[in-house]
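Containing mmCIF, C-alpha atoms: my_file-v4.cif.
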data_work
loop_
_atom_site.label_atom_id
_atom_site.label_comp_id
_atom_site.auth_asym_id
_atom_site.auth_seq_id
_atom_site.Cartn_x
_atom_site.Cartn_y
_atom_site.Cartn_z
CA MET A 1027 -8.36 28.98 -15.55
CA ARG A 1028 -5.87 26.71 -17.27
CA GLY A 1029 -5.24 23.19 -15.93
CA TRP A 1030 -1.85 21.89 -14.87
CA HIS A 1031 -1.94 19.14 -17.51
CA PRO A 1032 -2.77 19.51 -21.24
CA ARG A 1033 -5.51 16.89 -20.90
CA HIS A 1034 -7.26 19.12 -18.36
CA ASN A 1035 -7.34 21.97 -20.84
CA LEU A 1036 -9.27 19.76 -23.27
CA ARG A 1037 -12.10 19.39 -20.76
CA GLY A 1038 -12.71 23.10 -20.81
CA ARG A 1039 -12.88 23.42 -17.04
CA GLY A 1040 -10.68 23.18 -13.97
CA ARG A 1041 -10.62 20.61 -11.20
CA LEU A 1042 -13.85 19.56 -9.56
CA ARG A 1043 -12.07 18.60 -6.32
CA ALA A 1044 -9.17 20.14 -4.51
CA VAL A 1045 -5.86 18.31 -4.46
CA GLY A 1046 -5.95 15.69 -1.67
CA ALA A 1047 -9.73 15.81 -1.33
CA GLY A 1048 -10.19 12.11 -2.12
CA GLN A 1049 -11.19 9.39 0.29
CA SER A 1050 -9.11 9.01 3.40
CA HIS A 1051 -7.61 5.69 4.45
CA GLN A 1052 -9.88 3.34 6.36
CA LEU A 1053 -6.90 1.45 7.79
CA VAL A 1054 -4.28 3.22 9.86
CA PHE A 1055 -0.69 2.90 8.68
CA THR A 1056 0.24 0.12 11.10
CA ASP A 1057 -2.78 -1.93 10.04
CA ARG A 1058 -1.83 -1.45 6.38
CA ILE A 1059 1.68 -2.75 7.13
CA ILE A 1060 0.39 -5.74 9.10
CA ALA A 1061 -2.21 -6.60 6.45
CA THR A 1062 0.50 -6.45 3.77
CA LEU A 1063 2.88 -8.66 5.74
CA ILE A 1064 0.12 -11.21 6.36
CA ALA A 1065 -0.86 -11.21 2.69
CA LEU A 1066 2.75 -11.66 1.58
CA ARG A 1067 3.79 -14.22 4.21
CA PHE A 1068 0.72 -16.44 4.31
CA GLN A 1069 -0.70 -15.71 0.84
CA LEU A 1070 -4.01 -14.94 2.52
CA PRO A 1071 -6.56 -13.61 -0.01
CA HIS A 1072 -7.36 -9.92 0.25
CA THR A 1073 -11.02 -10.83 0.75
CA ALA A 1074 -10.17 -12.77 3.92
CA LEU A 1075 -8.08 -9.89 5.25
CA ALA A 1076 -10.93 -7.51 4.48
CA VAL A 1077 -13.26 -9.63 6.60
CA LEU A 1078 -10.73 -9.68 9.46
CA TYR A 1079 -10.34 -5.89 9.38
CA GLY A 1080 -14.00 -5.12 8.67
CA VAL A 1081 -13.31 -3.23 5.43
CA ASP A 1082 -13.91 -3.82 1.73
CA ARG A 1083 -11.52 -5.90 -0.38
CA PRO A 1084 -10.39 -2.91 -2.49
CA THR A 1085 -9.26 -1.19 0.72
CA VAL A 1086 -6.91 -4.08 1.53
CA THR A 1087 -5.72 -4.30 -2.08
CA ARG A 1088 -4.91 -0.58 -2.10
CA ALA A 1089 -3.04 -0.93 1.21
CA VAL A 1090 -0.95 -3.83 -0.11
CA HIS A 1091 -0.11 -1.94 -3.31
CA GLU A 1092 0.95 1.11 -1.28
CA VAL A 1093 3.09 -0.76 1.27
CA ARG A 1094 4.90 -3.25 -1.00
CA PRO A 1095 7.12 -0.57 -2.60
CA LEU A 1096 7.95 0.77 0.87
CA LEU A 1097 9.07 -2.68 1.99
CA ALA A 1098 11.10 -3.14 -1.19
CA ALA A 1099 12.79 0.23 -0.68
CA LEU A 1100 13.83 -0.87 2.81
CA GLY A 1101 15.36 -4.04 1.40
CA PHE A 1102 12.81 -6.55 2.63
CA ALA A 1103 12.16 -9.46 0.27
CA VAL A 1104 8.84 -9.41 -1.50
CA PRO A 1105 7.38 -12.07 -3.79
CA GLY A 1106 8.50 -11.56 -7.36
CA HIS A 1107 11.79 -9.91 -6.29
CA PRO A 1108 14.06 -12.76 -5.13
CA ASP A 1109 17.18 -10.63 -5.63
CA LEU A 1110 16.25 -8.37 -2.73
CA PRO A 1111 17.84 -9.41 0.57
CA LEU A 1112 15.75 -10.23 3.59
CA HIS A 1113 16.95 -8.41 6.69
CA THR A 1114 16.68 -10.50 9.81
CA CYS A 1115 17.44 -9.83 13.43
CA PRO A 1116 21.01 -10.72 14.41
CA ALA A 1117 21.39 -13.90 16.44
CA ARG A 1118 21.14 -13.31 20.15
CA ARG A 1119 23.92 -14.44 22.38
CA PRO A 1120 22.90 -16.47 25.43
CA LEU A 1121 23.15 -14.61 28.72
#
Output the file's structure in the form of structure tokens.
Amino acid sequence: MRGWHPRHNLRGRGRLRAVGAGQSHQLVFTDRIIATLIALRFQLPHTALAVLYGVDRPTVTRAVHEVRPLLAALGFAVPGHPDLPLHTCPARRPL
């Protein structure tokens, strides 16, 4: 069986795992968003967030790296991209 990438053909064998058979997320999507926002807003180290969520540091790091591009695509400001606008709630009128 030939691989889908030339590098796979050099190995002389096909995949060992099926596509998508890797580790599943230990944090649900909402927790990944919240952890990312906390890390970006308060510059809290990923190790501290990992302790708060009861997971390993690489889990938090992976979550932050997955969510940051999503926030940038929505137009939210992220550190290192000052040209992106920050959407805020419109001012409320008093009742």
So which residues touch stretch 1081-1084 of chain A within 12 Å, counting only C-alpha atoms, skipping near sequence neighbours fewer than 6 positions away, as a PyMOL selection string?
chain A and resi 1051-1054+1057-1058+1061+1071-1075+1090-1091
What separation in Å, quoted to one decimal, exists between atom CA of A:Ala1089 and atom CA of A:Ile1064?
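About the pair atom CA of A:Ala1089 and atom CA of A:Ile1064: they are 11.9 Å apart.
Computed from the coordinates, the atom CA of A:Leu1097 to atom CA of A:Leu1066 distance equals 11.0 Å.
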